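Containing compact mmCIF, C-alpha atoms: structure.txt.
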# COMPACT_ATOMS: atom_id res chain seq x y z
CA MET A 1 0.00 0.00 0.00
CA ALA A 2 2.88 2.34 0.78
CA ASN A 3 4.22 2.01 -2.77
CA LEU A 4 0.83 2.84 -4.22
CA HIS A 5 0.77 5.96 -2.05
CA ALA A 6 4.26 6.84 -3.22
CA GLU A 7 2.90 6.97 -6.75
CA LEU A 8 -0.04 9.05 -5.66
CA MET A 9 1.78 11.89 -3.99
CA THR A 10 5.39 12.94 -4.22
CA ALA A 11 7.36 14.80 -1.57
CA LYS A 12 7.08 17.90 -3.77
CA ALA A 13 3.29 17.60 -3.88
CA VAL A 14 3.20 17.22 -0.10
CA GLN A 15 5.44 20.25 0.23
CA ASP A 16 3.10 22.31 -1.97
CA ILE A 17 0.16 21.42 0.27
CA ALA A 18 2.05 22.04 3.50
CA LEU A 19 3.62 25.34 2.50
CA PRO A 20 0.59 27.67 2.80
CA ILE A 21 -0.40 25.98 6.07
CA LEU A 22 3.04 26.51 7.56
CA GLU A 23 3.37 30.03 6.18
CA LYS A 24 0.24 30.99 8.08
CA ALA A 25 0.77 28.97 11.25
CA LEU A 26 4.46 29.73 11.73
CA ALA A 27 4.56 33.33 10.48
CA PRO A 28 4.94 34.69 14.04
CA PHE A 29 8.06 32.56 14.42
CA GLY A 30 9.84 33.78 11.31
CA PHE A 31 8.93 30.96 8.96
CA GLN A 32 11.30 30.87 5.99
CA ARG A 33 10.87 27.62 4.06
CA VAL A 34 9.98 23.96 4.34
CA THR A 35 11.76 20.87 3.10
CA VAL A 36 10.14 17.46 2.69
CA ASN A 37 11.82 14.09 2.23
CA GLU A 38 10.21 10.72 1.83
CA GLU A 39 11.75 8.10 4.11
CA GLU A 40 11.12 4.67 5.52
CA ASP A 41 10.54 4.40 9.23
CA PHE A 42 11.93 1.72 11.53
CA ASP A 43 9.70 -1.01 10.18
CA GLY A 44 9.68 -0.03 6.53
CA ASP A 45 6.58 2.14 6.30
CA HIS A 46 6.88 5.23 4.15
CA ILE A 47 6.66 8.57 5.93
CA PHE A 48 7.34 12.19 5.04
CA ARG A 49 9.97 13.95 7.13
CA MET A 50 9.20 17.65 6.99
CA THR A 51 11.44 20.42 8.33
CA ALA A 52 10.15 23.95 8.77
CA HIS A 53 12.95 26.49 8.91
CA VAL A 54 12.09 29.25 11.37
CA GLN A 55 13.81 32.05 13.26
CA THR A 56 12.46 31.47 16.76
CA LYS A 57 11.24 28.55 18.86
CA VAL A 58 7.77 27.30 17.99
CA PRO A 59 5.56 26.23 20.91
CA ALA A 60 4.63 22.55 20.84
CA ASN A 61 0.90 23.19 20.62
CA THR A 62 1.40 25.44 17.58
CA LEU A 63 3.46 22.73 15.93
CA ILE A 64 0.79 20.15 16.69
CA ASP A 65 -1.93 22.38 15.25
CA ALA A 66 0.09 22.86 12.06
CA LEU A 67 0.79 19.15 11.75
CA ASP A 68 -2.87 18.35 12.28
CA ALA A 69 -3.85 20.80 9.54
CA ILE A 70 -1.30 19.24 7.17
CA HIS A 71 -2.50 15.70 7.88
CA HIS A 72 -6.09 16.81 7.40
CA ALA A 73 -5.27 18.44 4.06
CA LEU A 74 -3.33 15.40 2.87
CA ARG A 75 -6.04 12.96 3.92
CA SER A 76 -8.63 14.97 2.03
CA LYS A 77 -6.57 14.17 -1.07
CA GLY A 78 -6.19 10.48 -0.24
CA GLU A 79 -2.69 10.67 1.20
CA ASP A 80 -2.60 9.08 4.65
CA ARG A 81 1.07 8.51 5.28
CA PHE A 82 2.38 10.06 8.46
CA VAL A 83 4.28 13.34 8.41
CA TYR A 84 7.06 13.93 10.94
CA LEU A 85 7.21 17.70 11.32
CA SER A 86 10.22 19.37 12.97
CA THR A 87 11.45 22.91 13.11
CA LYS A 88 14.99 24.06 12.53
CA ARG A 89 16.37 27.34 13.79
CA PRO A 90 19.58 29.04 12.71
CA ALA A 91 22.46 26.82 13.80
CA GLU A 92 23.51 27.19 17.36
CA ASP A 93 27.00 26.40 18.55
CA GLU A 94 26.61 22.75 19.52
CA ILE A 95 29.49 21.30 21.45
CA ASP A 96 29.17 17.58 22.00
CA GLU A 97 31.22 15.95 24.71
CA ASP A 98 30.46 12.41 23.52
CA VAL A 99 33.36 11.22 21.45
CA GLU A 100 33.61 7.61 20.35
CA MET B 101 7.48 15.82 44.07
CA ALA B 102 4.55 17.70 42.54
CA SER B 103 3.79 15.31 39.69
CA GLU B 104 1.13 12.72 40.30
CA THR B 105 1.53 10.27 37.46
CA MET B 106 4.28 8.04 36.14
CA ALA B 107 3.94 9.77 32.77
CA SER B 108 4.44 13.27 34.13
CA ARG B 109 7.40 12.10 36.22
CA LEU B 110 8.97 10.63 33.09
CA ILE B 111 8.54 13.98 31.33
CA GLU B 112 10.31 15.60 34.28
CA ALA B 113 13.07 13.02 33.92
CA ALA B 114 13.42 13.84 30.22
CA ASP B 115 13.66 17.54 31.08
CA THR B 116 16.35 16.78 33.62
CA LEU B 117 18.33 14.75 31.11
CA LEU B 118 18.25 17.64 28.64
CA THR B 119 19.28 20.13 31.28
CA GLU B 120 22.03 18.02 32.84
CA GLY B 121 23.36 16.65 29.57
CA ARG B 122 23.24 19.67 27.36
CA ARG B 123 26.43 18.64 25.61
CA SER B 124 25.84 14.91 25.49
CA THR B 125 24.25 13.00 22.64
CA ALA B 126 23.78 10.06 25.02
CA TYR B 127 21.72 12.19 27.41
CA ARG B 128 19.62 13.56 24.56
CA ARG B 129 18.99 10.04 23.28
CA ARG B 130 17.81 8.97 26.73
CA ALA B 131 15.62 12.08 26.96
CA VAL B 132 13.90 11.28 23.67
CA SER B 133 13.38 7.65 24.63
CA THR B 134 12.05 8.66 28.05
CA ALA B 135 9.67 11.14 26.43
CA TYR B 136 8.17 8.38 24.30
CA TYR B 137 7.78 6.13 27.32
CA ALA B 138 6.00 8.91 29.17
CA VAL B 139 3.32 8.89 26.49
CA PHE B 140 3.27 5.10 26.39
CA HIS B 141 2.65 4.91 30.15
CA ALA B 142 -0.06 7.57 29.90
CA LEU B 143 -1.82 5.43 27.28
CA ALA B 144 -1.35 2.24 29.32
CA LYS B 145 -2.85 3.95 32.36
CA LEU B 146 -5.79 5.22 30.32
CA CYS B 147 -6.45 1.68 29.08
CA ALA B 148 -6.14 0.10 32.52
CA ASP B 149 -8.25 2.75 34.25
CA TYR B 150 -10.97 2.38 31.63
CA ILE B 151 -11.09 -1.41 31.42
CA THR B 152 -10.81 -2.09 35.15
CA ARG B 153 -12.96 0.89 36.12
CA SER B 154 -10.05 2.41 37.99
CA ALA B 155 -9.31 -0.63 40.10
CA THR B 156 -6.47 -0.36 42.58
CA HIS B 157 -3.19 -0.29 40.72
CA SER B 158 -1.77 -3.17 42.72
CA THR B 159 -4.42 -5.63 41.59
CA GLU B 160 -3.60 -8.37 39.14
CA GLU B 161 -6.40 -7.21 36.86
CA TYR B 162 -5.01 -3.69 36.63
CA SER B 163 -1.50 -4.90 35.92
CA ARG B 164 -2.75 -7.32 33.29
CA VAL B 165 -4.55 -4.65 31.31
CA TYR B 166 -1.73 -2.13 31.77
CA ARG B 167 0.76 -4.63 30.35
CA SER B 168 -1.52 -5.44 27.43
CA LEU B 169 -0.57 -2.32 25.52
CA ASP B 170 2.07 -3.22 22.96
CA HIS B 171 4.36 -0.89 21.04
CA GLY B 172 3.87 -2.67 17.72
CA PRO B 173 0.15 -2.17 17.21
CA LEU B 174 0.22 1.49 18.27
CA LYS B 175 1.25 2.84 14.90
CA ASN B 176 -1.17 0.61 13.04
CA ALA B 177 -4.04 1.62 15.29
CA PHE B 178 -3.41 5.34 14.85
CA GLY B 179 -2.97 4.93 11.11
CA GLN B 180 -6.29 3.18 10.58
CA SER B 181 -9.98 3.87 11.01
CA PRO B 182 -11.54 4.98 13.23
CA LEU B 183 -8.65 6.76 14.94
CA LYS B 184 -7.32 8.48 11.83
CA GLU B 185 -10.73 10.05 11.13
CA ASN B 186 -11.17 11.30 14.68
CA ARG B 187 -9.59 14.76 14.72
CA ARG B 188 -8.73 14.72 18.43
CA LEU B 189 -7.29 11.20 18.40
CA SER B 190 -5.47 11.61 15.08
CA ARG B 191 -3.72 14.68 16.52
CA LEU B 192 -2.59 12.53 19.39
CA GLY B 193 -1.65 9.68 17.08
CA ALA B 194 0.61 11.86 14.96
CA ILE B 195 2.69 12.65 18.05
CA VAL B 196 2.75 9.09 19.35
CA VAL B 197 3.86 7.67 16.01
CA ARG B 198 6.58 10.30 15.60
CA LEU B 199 7.89 9.74 19.12
CA GLN B 200 7.89 6.00 18.62
CA ALA B 201 10.03 6.33 15.50
CA GLU B 202 12.46 8.67 17.25
CA ARG B 203 12.58 6.29 20.21
CA HIS B 204 13.75 3.56 17.85
CA LYS B 205 16.52 5.82 16.54
CA SER B 206 17.42 6.81 20.05
CA ASP B 207 17.60 3.29 21.44
CA TYR B 208 19.09 1.31 18.59
CA LEU B 209 21.29 3.39 16.27
CA PRO B 210 25.05 3.07 16.80
CA PRO B 211 26.86 5.92 18.54
CA ALA B 212 26.82 9.02 16.36
CA ILE B 213 27.41 12.62 17.23
CA GLY B 214 24.46 14.90 16.65
CA ILE B 215 21.80 12.24 16.15
CA PHE B 216 19.46 14.64 17.96
CA SER B 217 20.35 18.32 18.16
CA ARG B 218 19.44 20.08 21.39
CA ASP B 219 16.58 21.84 19.62
CA VAL B 220 15.17 18.64 18.16
CA ALA B 221 15.44 16.75 21.44
CA GLN B 222 13.71 19.59 23.30
CA GLU B 223 11.01 19.75 20.64
CA LEU B 224 10.32 16.04 21.01
CA VAL B 225 10.12 16.27 24.80
CA ASP B 226 7.74 19.22 24.45
CA LEU B 227 5.57 17.24 22.04
CA ALA B 228 5.50 14.35 24.52
CA ARG B 229 4.46 16.73 27.29
CA GLU B 230 1.51 17.88 25.18
CA ALA B 231 0.59 14.30 24.34
CA VAL B 232 0.63 13.24 27.98
CA ALA B 233 -1.58 16.20 28.90
CA GLU B 234 -3.98 15.27 26.12
CA VAL B 235 -4.17 11.60 27.16
CA GLU B 236 -4.69 12.57 30.79
CA SER B 237 -7.53 14.92 29.75
CA ILE B 238 -9.56 12.13 28.12
CA LYS B 239 -12.35 11.30 30.52
CA PRO B 240 -13.56 7.68 30.85
CA GLN B 241 -17.14 8.71 30.12
CA ASN B 242 -16.07 10.35 26.84
CA LYS B 243 -16.69 8.31 23.70
CA ASP B 244 -13.14 9.07 22.54
CA CYS B 245 -11.85 7.12 25.52
CA ARG B 246 -13.79 4.00 24.59
CA THR B 247 -12.73 4.33 20.95
CA LEU B 248 -9.06 4.82 21.78
CA VAL B 249 -8.81 2.05 24.35
CA THR B 250 -10.62 -0.43 22.12
CA CYS B 251 -8.42 0.35 19.13
CA LEU B 252 -5.18 0.21 21.10
CA LEU B 253 -5.87 -3.04 22.94
CA PHE B 254 -7.87 -5.14 20.51
CA LYS B 255 -6.99 -6.01 16.96
CA VAL B 256 -9.53 -6.12 14.16
CA ARG B 257 -10.40 -9.56 12.85
CA GLN B 258 -11.55 -9.65 9.23
CA GLN B 259 -14.03 -12.53 9.73
As structure tokens, the full file:
Amino acid sequence: MANLHAELMTAKAVQDIALPILEKALAPFGFQRVTVNEEEDFDGDHIFRMTAHVQTKVPANTLIDALDAIHHALRSKGEDRFVYLSTKRPAEDEIDEDVE
Amino acid sequence: MASETMASRLIEAADTLLTEGRRSTAYRRRAVSTAYYAVFHALAKLCADYITRSATHSTEEYSRVYRSLDHGPLKNAFGQSPLKENRRLSRLGAIVVRLQAERHKSDYLPPAIGIFSRDVAQELVDLAREAVAEVESIKPQNKDCRTLVTCLLFKVRQQ
């Protein structure tokens, strides 16, 4: 079923649907752009990993509202794969002490 | 300690891991995993409270229902009818499924620097916090509770 869905909607098509939703929902947080990649999850199901590039931290409930709106829009077009939505802010200086 | 439930204490533990291990991928991995388990325990409690009519937690019946919730069927349940058509429960499902996938990465991938950035790890813990609050707000007398518990604990047989 996942392969059939892959033929139905591409990552680009998903991005086109998500973009206006994110532009509106994340405008107060300096929304810039969104990227979407199709991936397989841990047991082989196809999902869309979506990253919204923003300037400031987005509250969790705002992110959940946006994700819900995206899922709702996709399902109305017959696309019911899960979307994993994250935000990405300008790179912070990440120092990692774990070295292996 | 102010928190009353296992789930909320696990969220506190995830917060502590992020705070104490700001520069450690290992701590962030444990925080993400703990955040998922917070939601999992919230769902297990919901199921056990509903099925046993809030029996004492130490009873065999309560433990039996609590332990009946499996990780595997969670994603399938949230991806199928009727949960995916229920706006409230599909919102919850989207978080649960995401956290479950990140938990797998967290628990099983080989050591790698930057597997979760601080921002991403914090975002996942925040999502888990919202999910726990949502699960704990579902009242037993609400139809959504019956729908969710039934779908999470019992598989659909075709015939």
With a distance threshold of 10 Å and counting only C-alpha atoms, extract the residues of chain B near chain A and express them as a PyMOL selection string.
chain B and resi 121-127+172+175+178-180+184-185+187-188+190-195+197-205+211-214+217-220+222-231
How far is it from CA of Tyr208 in chain B to CA of Val54 in chain A, in Å with one decimal?
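It comes out at 29.7 Å.
The shortest atom-to-atom distance to Thr62 in chain A, with all atoms listed in the file taken into account, belongs to A:Leu26 out of A:Leu26, A:Val34, A:Met9, A:Val14.
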Name the residues in contact with range 246-256 of chain B at a cut-off of 10 Å, using all atoms listed in the file, excluding same-chain residues fewer than 4 positions from it; report them as a VMD selection string.
chain B and resid 143 to 144 146 to 151 165 to 166 168 to 171 173 to 178 180 to 183 186 189 235 238 to 242
Please indicate the distance in Å from CA of Lys24 in chain A to CA of Ala66 in chain A, rounded to one decimal place.
9.1 Å
In terms of the shortest atom-to-atom distance over all atoms listed in the file, which of B:Ser206, B:Thr116, B:Thr156, B:Thr105 is closest to Arg130 in chain B?
B:Ser206
Quick one: range 207-223 of chain B with N, CA, C and O atoms, as a PDB file, in the first residue's frame?
ATOM      1  N   ASP B 207      17.197   4.500  20.708  1.00  0.00           N
ATOM      2  CA  ASP B 207      17.598   3.293  21.445  1.00  0.00           C
ATOM      3  C   ASP B 207      18.511   2.366  20.649  1.00  0.00           C
ATOM      4  O   ASP B 207      19.277   1.613  21.249  1.00  0.00           O
ATOM      5  N   TYR B 208      18.429   2.393  19.339  1.00  0.00           N
ATOM      6  CA  TYR B 208      19.086   1.314  18.586  1.00  0.00           C
ATOM      7  C   TYR B 208      20.178   1.748  17.617  1.00  0.00           C
ATOM      8  O   TYR B 208      20.981   0.906  17.204  1.00  0.00           O
ATOM      9  N   LEU B 209      20.241   2.998  17.213  1.00  0.00           N
ATOM     10  CA  LEU B 209      21.294   3.389  16.272  1.00  0.00           C
ATOM     11  C   LEU B 209      22.662   3.350  16.958  1.00  0.00           C
ATOM     12  O   LEU B 209      22.766   3.598  18.162  1.00  0.00           O
ATOM     13  N   PRO B 210      23.704   3.062  16.206  1.00  0.00           N
ATOM     14  CA  PRO B 210      25.046   3.075  16.803  1.00  0.00           C
ATOM     15  C   PRO B 210      25.427   4.492  17.224  1.00  0.00           C
ATOM     16  O   PRO B 210      24.802   5.467  16.778  1.00  0.00           O
ATOM     17  N   PRO B 211      26.447   4.593  18.082  1.00  0.00           N
ATOM     18  CA  PRO B 211      26.856   5.925  18.536  1.00  0.00           C
ATOM     19  C   PRO B 211      27.158   6.841  17.363  1.00  0.00           C
ATOM     20  O   PRO B 211      27.872   6.466  16.434  1.00  0.00           O
ATOM     21  N   ALA B 212      26.576   8.034  17.411  1.00  0.00           N
ATOM     22  CA  ALA B 212      26.817   9.022  16.362  1.00  0.00           C
ATOM     23  C   ALA B 212      26.604  10.397  16.963  1.00  0.00           C
ATOM     24  O   ALA B 212      25.609  10.633  17.652  1.00  0.00           O
ATOM     25  N   ILE B 213      27.525  11.258  16.728  1.00  0.00           N
ATOM     26  CA  ILE B 213      27.408  12.623  17.232  1.00  0.00           C
ATOM     27  C   ILE B 213      26.274  13.342  16.501  1.00  0.00           C
ATOM     28  O   ILE B 213      26.141  13.227  15.281  1.00  0.00           O
ATOM     29  N   GLY B 214      25.481  14.047  17.254  1.00  0.00           N
ATOM     30  CA  GLY B 214      24.460  14.900  16.645  1.00  0.00           C
ATOM     31  C   GLY B 214      23.241  14.177  16.130  1.00  0.00           C
ATOM     32  O   GLY B 214      22.513  14.713  15.293  1.00  0.00           O
ATOM     33  N   ILE B 215      22.986  12.966  16.629  1.00  0.00           N
ATOM     34  CA  ILE B 215      21.801  12.237  16.155  1.00  0.00           C
ATOM     35  C   ILE B 215      20.532  13.029  16.488  1.00  0.00           C
ATOM     36  O   ILE B 215      19.584  13.046  15.701  1.00  0.00           O
ATOM     37  N   PHE B 216      20.523  13.693  17.637  1.00  0.00           N
ATOM     38  CA  PHE B 216      19.456  14.645  17.959  1.00  0.00           C
ATOM     39  C   PHE B 216      20.127  15.946  18.399  1.00  0.00           C
ATOM     40  O   PHE B 216      20.885  15.943  19.374  1.00  0.00           O
ATOM     41  N   SER B 217      19.835  17.029  17.691  1.00  0.00           N
ATOM     42  CA  SER B 217      20.346  18.322  18.160  1.00  0.00           C
ATOM     43  C   SER B 217      19.610  18.673  19.449  1.00  0.00           C
ATOM     44  O   SER B 217      18.568  18.083  19.774  1.00  0.00           O
ATOM     45  N   ARG B 218      20.135  19.648  20.165  1.00  0.00           N
ATOM     46  CA  ARG B 218      19.440  20.083  21.394  1.00  0.00           C
ATOM     47  C   ARG B 218      18.033  20.560  21.069  1.00  0.00           C
ATOM     48  O   ARG B 218      17.080  20.250  21.781  1.00  0.00           O
ATOM     49  N   ASP B 219      17.905  21.316  19.985  1.00  0.00           N
ATOM     50  CA  ASP B 219      16.581  21.843  19.618  1.00  0.00           C
ATOM     51  C   ASP B 219      15.596  20.717  19.310  1.00  0.00           C
ATOM     52  O   ASP B 219      14.432  20.747  19.733  1.00  0.00           O
ATOM     53  N   VAL B 220      16.066  19.749  18.539  1.00  0.00           N
ATOM     54  CA  VAL B 220      15.166  18.645  18.164  1.00  0.00           C
ATOM     55  C   VAL B 220      14.784  17.829  19.388  1.00  0.00           C
ATOM     56  O   VAL B 220      13.610  17.473  19.577  1.00  0.00           O
ATOM     57  N   ALA B 221      15.749  17.526  20.233  1.00  0.00           N
ATOM     58  CA  ALA B 221      15.444  16.753  21.438  1.00  0.00           C
ATOM     59  C   ALA B 221      14.438  17.501  22.317  1.00  0.00           C
ATOM     60  O   ALA B 221      13.478  16.908  22.824  1.00  0.00           O
ATOM     61  N   GLN B 222      14.641  18.799  22.474  1.00  0.00           N
ATOM     62  CA  GLN B 222      13.707  19.592  23.297  1.00  0.00           C
ATOM     63  C   GLN B 222      12.320  19.622  22.653  1.00  0.00           C
ATOM     64  O   GLN B 222      11.304  19.515  23.346  1.00  0.00           O
ATOM     65  N   GLU B 223      12.300  19.734  21.338  1.00  0.00           N
ATOM     66  CA  GLU B 223      11.011  19.752  20.640  1.00  0.00           C
ATOM     67  C   GLU B 223      10.259  18.441  20.864  1.00  0.00           C
ATOM     68  O   GLU B 223       9.047  18.441  21.081  1.00  0.00           O
TER      69      GLU B 223
END
